[in-house]
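Note: the block below is structure-v3.cif and it holds mmCIF, C-alpha atoms and all ligand atoms.
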```cif
data_work
loop_
_atom_site.label_atom_id
_atom_site.label_comp_id
_atom_site.auth_asym_id
_atom_site.auth_seq_id
_atom_site.Cartn_x
_atom_site.Cartn_y
_atom_site.Cartn_z
CA MET H 1239 107.37 65.71 118.58
CA GLU H 1240 105.26 67.92 116.40
CA ILE H 1241 107.14 70.57 114.42
CA LYS H 1242 105.12 73.63 113.40
CA ARG H 1243 106.04 75.04 110.01
CA THR H 1244 106.03 78.58 108.77
CA LEU H 1245 107.53 78.62 105.30
CA THR H 1246 109.17 81.67 103.79
CA THR H 1247 107.21 83.75 101.33
CA GLU H 1248 110.45 85.25 100.01
CA PRO H 1249 112.80 82.42 99.05
CA LYS H 1250 116.35 83.64 98.42
CA ALA H 1251 118.18 83.10 95.15
CA LYS H 1252 120.40 79.99 95.30
CA PRO H 1253 124.11 80.77 95.25
CA THR H 1254 126.05 80.63 92.03
CA GLY H 1255 129.83 80.27 91.97
CA ALA H 1256 132.13 79.28 94.81
CA LEU H 1257 130.34 78.41 98.06
CA GLY H 1258 133.23 78.59 100.50
CA PHE H 1259 132.45 77.46 104.03
CA GLY H 1260 129.72 78.77 106.37
CA LYS H 1261 128.96 82.02 104.59
CA ILE H 1262 125.64 81.27 102.92
CA PHE H 1263 122.51 80.18 104.78
CA THR H 1264 119.36 78.48 103.53
CA ASP H 1265 115.77 79.75 103.66
CA HIS H 1266 114.72 78.13 106.96
CA MET H 1267 115.90 77.28 110.45
CA PHE H 1268 114.69 75.11 113.32
CA ILE H 1269 114.06 76.50 116.81
CA MET H 1270 112.76 75.03 120.05
CA ASP H 1271 112.74 76.51 123.54
CA TYR H 1272 113.43 75.11 126.97
CA SER H 1273 112.10 76.14 130.34
CA THR H 1274 112.31 74.28 133.63
CA GLU H 1275 108.50 74.05 133.77
CA MET H 1276 107.85 72.96 130.18
CA GLY H 1277 111.03 71.15 129.17
CA TRP H 1278 111.83 71.40 125.45
CA HIS H 1279 108.79 72.82 123.69
CA ASP H 1280 107.44 74.83 120.76
CA ALA H 1281 109.48 73.05 118.07
CA ARG H 1282 109.18 75.02 114.85
CA ILE H 1283 110.67 75.52 111.41
CA VAL H 1284 110.60 79.18 110.46
CA PRO H 1285 112.17 81.43 107.82
CA PHE H 1286 115.91 81.94 108.45
CA GLY H 1287 116.35 85.31 110.10
CA GLU H 1288 117.45 87.33 113.06
CA ILE H 1289 116.40 86.42 116.58
CA SER H 1290 115.74 88.75 119.45
CA LEU H 1291 117.44 88.22 122.84
CA SER H 1292 117.91 90.24 126.00
CA PRO H 1293 121.43 91.75 126.13
CA ALA H 1294 121.55 90.18 129.60
CA SER H 1295 121.15 86.66 128.12
CA MET H 1296 123.62 84.45 129.94
CA VAL H 1297 125.21 83.10 126.77
CA PHE H 1298 126.69 86.55 126.07
CA HIS H 1299 128.43 86.81 129.42
CA TYR H 1300 129.60 83.40 130.56
CA GLY H 1301 129.45 81.42 127.35
CA GLN H 1302 127.03 78.67 128.33
CA GLU H 1303 126.42 77.16 124.89
CA MET H 1304 127.22 74.13 122.78
CA PHE H 1305 127.24 73.22 119.11
CA GLU H 1306 127.50 70.34 116.66
CA GLY H 1307 128.61 70.04 113.04
CA MET H 1308 127.58 67.49 110.44
CA LYS H 1309 126.69 67.33 106.75
CA ALA H 1310 123.95 66.18 104.37
CA TYR H 1311 125.11 64.80 101.02
CA LYS H 1312 123.11 64.44 97.80
CA THR H 1313 123.92 61.30 95.83
CA LYS H 1314 124.07 61.18 92.03
CA ASP H 1315 120.65 59.45 92.01
CA GLY H 1316 119.15 62.20 94.19
CA ARG H 1317 119.04 60.50 97.60
CA ILE H 1318 119.91 62.55 100.69
CA LEU H 1319 122.38 60.98 103.12
CA LEU H 1320 123.60 61.86 106.59
CA PHE H 1321 126.80 60.31 107.98
CA ARG H 1322 126.45 58.61 111.40
CA PRO H 1323 124.06 61.31 112.73
CA GLU H 1324 123.45 59.32 115.94
CA LYS H 1325 127.13 59.86 116.88
CA ASN H 1326 126.73 63.64 116.69
CA ILE H 1327 123.50 63.60 118.69
CA GLU H 1328 125.02 61.32 121.33
CA ARG H 1329 128.01 63.70 121.58
CA MET H 1330 125.60 66.59 121.85
CA ASN H 1331 124.20 65.14 125.07
CA ASN H 1332 127.71 64.42 126.42
CA THR H 1333 128.55 68.08 125.81
CA ASN H 1334 125.26 69.10 127.46
CA VAL H 1335 126.15 67.20 130.65
CA ARG H 1336 129.49 69.05 130.88
CA MET H 1337 127.87 72.43 130.22
CA CYS H 1338 124.86 71.93 132.58
CA ILE H 1339 122.54 72.20 129.57
CA PRO H 1340 119.43 69.97 129.68
CA GLN H 1341 119.50 66.75 127.67
CA VAL H 1342 117.80 66.61 124.29
CA ASP H 1343 115.76 63.68 123.01
CA MET H 1344 117.95 61.92 120.43
CA LYS H 1345 115.00 60.88 118.25
CA ASP H 1346 113.53 64.39 118.29
CA VAL H 1347 116.83 65.96 117.26
CA LEU H 1348 117.18 63.53 114.36
CA THR H 1349 113.60 64.30 113.30
CA ALA H 1350 114.31 68.04 113.49
CA ILE H 1351 117.45 67.67 111.34
CA GLU H 1352 115.65 65.48 108.80
CA GLU H 1353 112.61 67.75 108.49
CA LEU H 1354 114.70 70.92 108.18
CA VAL H 1355 116.98 69.36 105.54
CA LEU H 1356 113.91 68.20 103.59
CA VAL H 1357 112.32 71.67 103.72
CA ASP H 1358 115.55 73.14 102.30
CA GLN H 1359 116.57 70.13 100.18
CA ASP H 1360 116.90 72.25 97.04
CA TRP H 1361 119.79 73.99 98.81
CA ILE H 1362 121.92 70.83 98.95
CA PRO H 1363 124.59 71.54 96.34
CA THR H 1364 125.44 68.83 93.84
CA GLU H 1365 128.87 69.80 92.44
CA PRO H 1366 131.49 67.14 93.31
CA GLY H 1367 132.61 67.40 96.93
CA THR H 1368 129.95 69.92 97.97
CA SER H 1369 127.42 69.33 100.72
CA LEU H 1370 124.99 70.97 103.12
CA TYR H 1371 126.62 71.76 106.48
CA ILE H 1372 124.26 71.32 109.44
CA ARG H 1373 124.89 73.37 112.57
CA PRO H 1374 122.74 72.51 115.62
CA PHE H 1375 123.45 74.62 118.71
CA ILE H 1376 122.04 75.51 122.11
CA ILE H 1377 122.36 78.84 123.94
CA ALA H 1378 121.54 79.88 127.53
CA THR H 1379 118.90 82.63 127.47
CA ASP H 1380 118.09 83.63 131.10
CA PRO H 1381 118.47 87.42 131.41
CA PHE H 1382 120.74 87.21 134.47
CA LEU H 1383 124.29 88.31 135.24
CA GLY H 1384 124.94 85.76 137.99
CA VAL H 1385 127.20 82.78 137.36
CA HIS H 1386 124.81 79.84 137.42
CA PRO H 1387 123.36 77.43 134.84
CA SER H 1388 120.49 79.06 132.96
CA HIS H 1389 116.89 77.89 133.40
CA THR H 1390 115.92 78.69 129.81
CA TYR H 1391 117.58 77.76 126.51
CA LYS H 1392 117.13 77.95 122.78
CA PHE H 1393 118.03 75.01 120.54
CA MET H 1394 118.48 75.98 116.92
CA ILE H 1395 119.61 74.37 113.67
CA ILE H 1396 120.88 76.37 110.72
CA LEU H 1397 122.05 75.04 107.35
CA SER H 1398 124.81 76.24 105.04
CA PRO H 1399 125.67 74.93 101.56
CA VAL H 1400 129.46 74.42 101.52
CA GLY H 1401 132.02 73.94 98.80
CA ALA H 1402 134.53 71.15 98.42
CA TYR H 1403 137.17 71.75 101.10
CA TYR H 1404 139.93 71.07 98.60
CA ALA H 1405 138.83 72.60 95.33
CA GLY H 1406 141.81 71.12 93.47
CA GLY H 1407 141.88 67.71 95.21
CA LEU H 1408 143.59 66.86 98.52
CA ALA H 1409 146.41 69.26 99.39
CA PRO H 1410 148.82 68.95 102.35
CA VAL H 1411 148.83 71.83 104.87
CA LYS H 1412 151.64 73.40 106.91
CA ILE H 1413 151.09 73.50 110.64
CA CYS H 1414 152.66 75.38 113.55
CA VAL H 1415 153.12 73.61 116.89
CA GLU H 1416 151.91 75.96 119.66
CA ASP H 1417 154.17 75.91 122.71
CA GLU H 1418 152.89 78.91 124.66
CA TYR H 1419 149.08 78.99 124.61
CA VAL H 1420 146.90 75.96 125.35
CA ARG H 1421 143.32 75.23 124.28
CA ALA H 1422 142.17 72.74 126.89
CA VAL H 1423 143.27 70.60 129.83
CA LYS H 1424 142.01 67.37 131.31
CA GLY H 1425 139.15 68.27 133.65
CA GLY H 1426 138.24 71.25 131.47
CA THR H 1427 135.92 71.30 128.46
CA GLY H 1428 138.26 69.96 125.78
CA TYR H 1429 136.08 66.91 125.08
CA ALA H 1430 132.93 69.03 124.74
CA LYS H 1431 132.04 70.83 121.52
CA VAL H 1432 131.70 74.35 122.88
CA GLY H 1433 132.51 77.85 121.69
CA GLY H 1434 134.71 78.48 124.73
CA ASN H 1435 137.34 76.04 123.46
CA TYR H 1436 137.51 77.99 120.22
CA ALA H 1437 137.64 81.35 122.00
CA ALA H 1438 140.66 80.01 123.90
CA SER H 1439 142.27 78.91 120.64
CA LEU H 1440 142.01 82.18 118.68
CA LYS H 1441 145.25 83.72 119.95
CA GLY H 1442 147.33 80.70 118.96
CA GLN H 1443 145.56 80.50 115.62
CA GLU H 1444 146.25 84.21 114.99
CA LYS H 1445 149.93 83.70 115.82
CA ALA H 1446 150.15 80.76 113.42
CA GLU H 1447 148.45 82.69 110.62
CA GLU H 1448 150.84 85.62 111.08
CA LYS H 1449 153.70 83.18 110.48
CA GLY H 1450 151.98 81.86 107.36
CA TYR H 1451 150.62 78.59 108.76
CA ALA H 1452 147.16 77.16 108.13
CA GLN H 1453 146.55 75.68 111.57
CA VAL H 1454 147.87 75.14 115.08
CA LEU H 1455 148.91 71.79 116.53
CA TRP H 1456 147.98 71.93 120.21
CA LEU H 1457 150.09 70.28 122.87
CA ASP H 1458 148.77 69.16 126.24
CA GLY H 1459 148.12 71.99 128.69
CA ILE H 1460 150.28 70.69 131.54
CA GLU H 1461 153.64 69.61 130.13
CA HIS H 1462 153.40 71.09 126.60
CA LYS H 1463 154.72 67.74 125.52
CA TYR H 1464 151.95 65.42 124.33
CA ILE H 1465 149.95 66.01 121.18
CA ASP H 1466 146.28 66.96 121.57
CA GLU H 1467 144.76 67.94 118.24
CA VAL H 1468 144.74 70.49 115.41
CA GLY H 1469 142.23 73.40 115.33
CA ALA H 1470 138.98 71.61 114.53
CA MET H 1471 140.57 68.27 113.68
CA ASN H 1472 141.88 65.19 115.43
CA VAL H 1473 145.32 63.98 114.33
CA PHE H 1474 146.85 60.73 113.16
CA PHE H 1475 150.47 59.71 112.54
CA VAL H 1476 151.74 56.78 110.50
CA ILE H 1477 154.90 55.63 112.28
CA GLY H 1478 156.54 52.53 110.85
CA ASP H 1479 153.68 50.10 110.21
CA LYS H 1480 151.44 51.56 112.93
CA VAL H 1481 148.82 54.28 112.85
CA VAL H 1482 148.91 56.29 116.07
CA THR H 1483 146.41 58.82 117.39
CA PRO H 1484 146.12 60.57 120.78
CA LYS H 1485 143.94 58.73 123.26
CA LEU H 1486 140.68 60.30 124.49
CA GLU H 1487 141.61 61.46 127.98
CA GLY H 1488 139.24 64.39 128.41
CA ASN H 1489 141.20 67.14 126.67
CA ILE H 1490 140.44 66.37 123.02
CA LEU H 1491 137.22 66.24 121.07
CA PRO H 1492 136.00 62.71 120.27
CA GLY H 1493 135.57 63.25 116.52
CA VAL H 1494 133.10 61.20 114.51
CA THR H 1495 135.64 61.20 111.66
CA ARG H 1496 138.36 60.06 114.12
CA ASP H 1497 136.17 57.15 115.21
CA SER H 1498 135.35 56.28 111.59
CA VAL H 1499 139.04 56.31 110.61
CA ILE H 1500 139.96 54.02 113.54
CA ASN H 1501 137.16 51.58 112.69
CA TYR H 1502 137.90 51.66 108.98
CA LEU H 1503 141.65 51.09 109.36
CA THR H 1504 141.16 48.35 111.97
CA ALA H 1505 138.71 46.55 109.65
CA LYS H 1506 141.30 46.79 106.85
CA GLY H 1507 143.88 45.08 109.06
CA TYR H 1508 145.97 48.09 110.07
CA SER H 1509 147.35 48.27 113.56
CA VAL H 1510 145.90 51.41 115.18
CA GLU H 1511 147.16 52.64 118.54
CA GLU H 1512 145.28 55.13 120.70
CA ARG H 1513 147.88 56.40 123.12
CA ARG H 1514 149.84 59.42 124.26
CA ILE H 1515 152.27 60.60 121.66
CA SER H 1516 154.84 63.28 122.42
CA ILE H 1517 156.06 65.93 120.00
CA ASP H 1518 159.60 64.59 120.63
CA GLU H 1519 158.53 61.14 119.44
CA VAL H 1520 157.07 62.66 116.26
CA TYR H 1521 160.26 64.63 115.51
CA GLU H 1522 162.45 61.63 116.31
CA ALA H 1523 160.38 59.40 114.00
CA GLY H 1524 160.62 62.16 111.38
CA MET H 1525 164.42 62.32 111.68
CA ASN H 1526 164.97 58.56 111.46
CA GLY H 1527 162.55 58.07 108.57
CA GLU H 1528 159.89 56.17 110.51
CA LEU H 1529 157.27 58.94 110.22
CA LYS H 1530 155.47 58.18 106.96
CA GLU H 1531 152.38 60.37 107.20
CA MET H 1532 150.47 62.81 109.35
CA PHE H 1533 146.88 63.86 108.74
CA GLY H 1534 143.97 65.60 110.46
CA THR H 1535 140.38 64.29 110.55
CA GLY H 1536 137.14 66.24 110.88
CA THR H 1537 133.75 66.74 109.23
CA ALA H 1538 134.76 69.86 107.28
CA ALA H 1539 137.82 68.51 105.44
CA VAL H 1540 137.31 64.77 106.22
CA ILE H 1541 141.06 64.05 105.82
CA SER H 1542 143.68 66.79 105.78
CA PRO H 1543 147.25 65.65 105.05
CA VAL H 1544 149.99 67.56 106.88
CA GLY H 1545 153.16 68.22 104.88
CA LEU H 1546 155.21 70.26 107.35
CA LEU H 1547 155.48 71.03 111.07
CA ASP H 1548 157.18 74.02 112.67
CA TRP H 1549 157.97 73.55 116.37
CA HIS H 1550 159.64 76.75 117.68
CA GLY H 1551 161.48 77.13 114.40
CA LYS H 1552 162.44 73.46 114.01
CA ILE H 1553 161.02 72.41 110.64
CA LEU H 1554 159.93 68.85 110.00
CA ASN H 1555 159.02 67.88 106.45
CA ILE H 1556 156.61 64.97 106.29
CA ASN H 1557 156.45 62.64 103.28
CA ASN H 1558 158.19 65.33 101.16
CA GLY H 1559 155.13 67.52 101.58
CA GLU H 1560 153.09 65.06 99.57
CA ILE H 1561 149.80 63.26 100.21
CA GLY H 1562 150.35 59.91 101.92
CA GLU H 1563 148.88 56.65 100.66
CA ILE H 1564 146.80 56.03 103.77
CA ALA H 1565 145.45 59.59 103.84
CA GLN H 1566 144.44 59.33 100.17
CA MET H 1567 142.77 55.94 100.67
CA LEU H 1568 140.84 57.19 103.72
CA TYR H 1569 139.73 60.31 101.88
CA ASP H 1570 138.54 58.37 98.83
CA ASP H 1571 136.78 55.63 100.77
CA ILE H 1572 135.15 57.70 103.52
CA THR H 1573 133.92 60.43 101.15
CA GLY H 1574 132.86 57.58 98.82
CA ILE H 1575 130.60 56.24 101.58
CA GLN H 1576 129.37 59.73 102.51
CA PHE H 1577 128.32 60.49 98.92
CA GLY H 1578 126.77 57.04 98.44
CA GLU H 1579 129.31 56.05 95.79
CA LYS H 1580 131.10 53.27 97.70
CA LYS H 1581 129.73 50.25 99.50
CA ASP H 1582 128.89 51.10 103.10
CA ASP H 1583 129.98 47.97 104.97
CA PHE H 1584 129.74 49.75 108.31
CA GLY H 1585 126.13 50.94 108.10
CA TRP H 1586 127.29 54.55 108.49
CA SER H 1587 125.01 56.18 105.92
CA HIS H 1588 121.57 57.31 107.05
CA GLU H 1589 119.17 58.11 104.25
CA ILE H 1590 116.58 60.84 104.81
CA LYS H 1591 113.38 59.36 103.37
CA ARG H 1592 111.13 61.75 101.57
C1 LIG H 1601 134.31 69.09 115.74
C2 LIG H 1601 135.72 68.98 116.15
C3 LIG H 1601 136.56 67.94 115.68
C4 LIG H 1601 136.16 66.96 114.62
O1 LIG H 1601 135.05 66.19 114.95
P1 LIG H 1601 134.21 65.48 113.80
O2 LIG H 1601 133.07 64.86 114.55
O3 LIG H 1601 135.09 64.48 113.16
O4 LIG H 1601 133.78 66.54 112.86
C5 LIG H 1601 137.84 67.86 116.21
N1 LIG H 1601 138.30 68.75 117.11
C6 LIG H 1601 137.51 69.76 117.57
C7 LIG H 1601 138.06 70.69 118.57
C8 LIG H 1601 136.21 69.91 117.10
O5 LIG H 1601 135.46 70.92 117.55
#
```
Can I see the file as structure tokens?
Ligand SMILES: *Cc1c(COP(=O)(O)O)cnc(C)c1O
Amino acid sequence: MEIKRTLTTEPKAKPTGALGFGKIFTDHMFIMDYSTEMGWHDARIVPFGEISLSPASMVFHYGQEMFEGMKAYKTKDGRILLFRPEKNIERMNNTNVRMCIPQVDMKDVLTAIEELVLVDQDWIPTEPGTSLYIRPFIIATDPFLGVHPSHTYKFMIILSPVGAYYAGGLAPVKICVEDEYVRAVKGGTGYAKVGGNYAASLKGQEKAEEKGYAQVLWLDGIEHKYIDEVGAMNVFFVIGDKVVTPKLEGNILPGVTRDSVINYLTAKGYSVEERRISIDEVYEAGMNGELKEMFGTGTAAVISPVGLLDWHGKILNINNGEIGEIAQMLYDDITGIQFGEKKDDFGWSHEIKR
């Protein structure tokens, strides 16, 4: 794939001070177009800026779109690392199948990511814990109000320098268990990374925020009994000497961080179970002292310890609201690999060669 380049003549000033998450964008973006006749074509890196679309574009009406999320990390000796990018690109195509979006060439997508990150490499922040968030996405662009898969699409990648998720080190969050709204059901799009899942989650998230909680813990959409996941994170529980996480049954997102945690813990000799886990089991384990830790996993926070659950007013304190040993170890070791500071026994780091 040949990528045409048009570089900006007006580079923006680099941010100073706190970066936050997803608010600042770099100087360039990647775009390529799809049509039934030409397939994916016209790959280009252009200055970051507004795009023009028909108001009838299908993405605005029926939400045919998908996205991915990953990060580029700058090591202390100036190398640029991605973390298991092939997993994100593979998931991208799994999402595309579910959304009737054409497949992308895995090698081409990796090339596009690498070239764009290199063009904007000076935007990769270097303060501890900071990184460059990479957001590839595809939108349906046919100007048509009928319900049907589009024949034309735009694939884009934008980049955003992001701060350390926990400015003051790992901090446990308080989470509300949602027992009215659901985000996804088996047979739906829960396993696909699509905006529609998030649109469906906003109401529950708003409710949780009103009550002073950081996130929602979603239960299964049929019985409101089994644990699915948290907002944009998969969840793990340490119960007795076992680490338990919900099984991939079509309603939860197969997180790259989730997969890394399972592989890492298994290699370290922990017993990891992927199975259904009910909210009753979690509360019971909490009451009888068997529940040692709970944490979320995802690219943004990597590991997010949970210190408290509220399930229709029933409060469960977990590990006295403190960071668990396993959560801390996972955070240190996985971010250590991501930032090139710890030995990468798994071959997870992918260096972008200049
Ligand atoms: C992206 C995402 C995750 C986390 O996946 P990672 O690949 O680990 O970043 C978990 N749940 C949902 C709903 C997501 O969209």
Please give the centre and size of the box around ligand LIG 1601 (chain H) (axis-aligned, containing every atom listed in the file, 5 Å added per side), with values in Å to one decimal and written as AutoDock Vina command-line options.
```
--center_x 135.7 --center_y 67.7 --center_z 115.7 --size_x 15.2 --size_y 16.4 --size_z 15.7
```
Distance cut-off 10 Å, centre (154.7, 70.6, 111.8) in file coordinates, counting only C-alpha atoms: which residues qualify? Return them as a PDB file with C-alpha atoms, in the coordinates of the input.
```
ATOM      1  CA  VAL H1411     148.830  71.830 104.870  1.00  0.00           C
ATOM      2  CA  LYS H1412     151.640  73.400 106.910  1.00  0.00           C
ATOM      3  CA  ILE H1413     151.090  73.500 110.640  1.00  0.00           C
ATOM      4  CA  CYS H1414     152.660  75.380 113.550  1.00  0.00           C
ATOM      5  CA  VAL H1415     153.120  73.610 116.890  1.00  0.00           C
ATOM      6  CA  GLU H1416     151.910  75.960 119.660  1.00  0.00           C
ATOM      7  CA  TYR H1451     150.620  78.590 108.760  1.00  0.00           C
ATOM      8  CA  GLN H1453     146.550  75.680 111.570  1.00  0.00           C
ATOM      9  CA  VAL H1454     147.870  75.140 115.080  1.00  0.00           C
ATOM     10  CA  LEU H1455     148.910  71.790 116.530  1.00  0.00           C
ATOM     11  CA  ILE H1517     156.060  65.930 120.000  1.00  0.00           C
ATOM     12  CA  VAL H1520     157.070  62.660 116.260  1.00  0.00           C
ATOM     13  CA  TYR H1521     160.260  64.630 115.510  1.00  0.00           C
ATOM     14  CA  MET H1532     150.470  62.810 109.350  1.00  0.00           C
ATOM     15  CA  VAL H1544     149.990  67.560 106.880  1.00  0.00           C
ATOM     16  CA  GLY H1545     153.160  68.220 104.880  1.00  0.00           C
ATOM     17  CA  LEU H1546     155.210  70.260 107.350  1.00  0.00           C
ATOM     18  CA  LEU H1547     155.480  71.030 111.070  1.00  0.00           C
ATOM     19  CA  ASP H1548     157.180  74.020 112.670  1.00  0.00           C
ATOM     20  CA  TRP H1549     157.970  73.550 116.370  1.00  0.00           C
ATOM     21  CA  HIS H1550     159.640  76.750 117.680  1.00  0.00           C
ATOM     22  CA  GLY H1551     161.480  77.130 114.400  1.00  0.00           C
ATOM     23  CA  LYS H1552     162.440  73.460 114.010  1.00  0.00           C
ATOM     24  CA  ILE H1553     161.020  72.410 110.640  1.00  0.00           C
ATOM     25  CA  LEU H1554     159.930  68.850 110.000  1.00  0.00           C
ATOM     26  CA  ASN H1555     159.020  67.880 106.450  1.00  0.00           C
ATOM     27  CA  ILE H1556     156.610  64.970 106.290  1.00  0.00           C
TER      28      ILE H1556
END
```
Residue nearest H:Ala1437 - candidates H:Gly1524, H:Gly1425, H:Gly1301, H:Gly1401, atoms counted: only C-alpha atoms: H:Gly1301
Residues within 8 Å of (132.9, 77.7, 102.5), counting all atoms listed in the file, listed as an MDAnalysis selection string: chainID H and resid 1256:1261 1399:1403
Can you pull out every residue with an atom within 6 Å of ligand LIG 1601 (chain H)? Use only C-alpha atoms and all ligand atoms and format it as a short mmCIF file (atom, residue, chain, number, x, y, z; two decimals) with C-alpha atoms, in the frame of the given file.
```
data_model
loop_
_atom_site.label_atom_id
_atom_site.label_comp_id
_atom_site.auth_asym_id
_atom_site.auth_seq_id
_atom_site.Cartn_x
_atom_site.Cartn_y
_atom_site.Cartn_z
CA LYS H 1431 132.04 70.83 121.52
CA GLY H 1469 142.23 73.40 115.33
CA ALA H 1470 138.98 71.61 114.53
CA MET H 1471 140.57 68.27 113.68
CA ASN H 1472 141.88 65.19 115.43
CA LEU H 1491 137.22 66.24 121.07
CA GLY H 1493 135.57 63.25 116.52
CA VAL H 1494 133.10 61.20 114.51
CA THR H 1495 135.64 61.20 111.66
CA ARG H 1496 138.36 60.06 114.12
CA THR H 1535 140.38 64.29 110.55
CA GLY H 1536 137.14 66.24 110.88
CA THR H 1537 133.75 66.74 109.23
#
```
Within 9 Å of stretch 1478-1487 of chain H using all atoms listed in the file, minus same-chain residues under 2 positions, as a PyMOL selection string: chain H and resi 1424+1429+1464-1467+1472-1476+1489-1492+1496+1500+1503+1508-1515+1523+1527-1530
Given only C-alpha atoms as the counted atoms, nearest of H:Thr1247, H:Thr1349, H:Ser1498, H:Ser1388 to H:Ile1572: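 Smallest distance to H:Ile1572 is found for H:Ser1498.
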Atom-to-atom span, atom CA of H:Val1355 and atom CA of H:Asp1380, Å: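 Answer for the atom CA of H:Val1355 to atom CA of H:Asp1380 separation: 29.3 Å.
You can rank H:Asn1558, H:Ser1516, H:Thr1379, H:Thr1264 by their closest distance to H:Leu1356 using all atoms listed in the file, and at the top of that list sits H:Thr1264.
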Which of H:Thr1313, H:Thr1573, H:Asn1326, H:Ser1587 sits closest to H:Asp1497 [using all atoms listed in the file]: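 Under the stated criterion, the closest residue is H:Asn1326.
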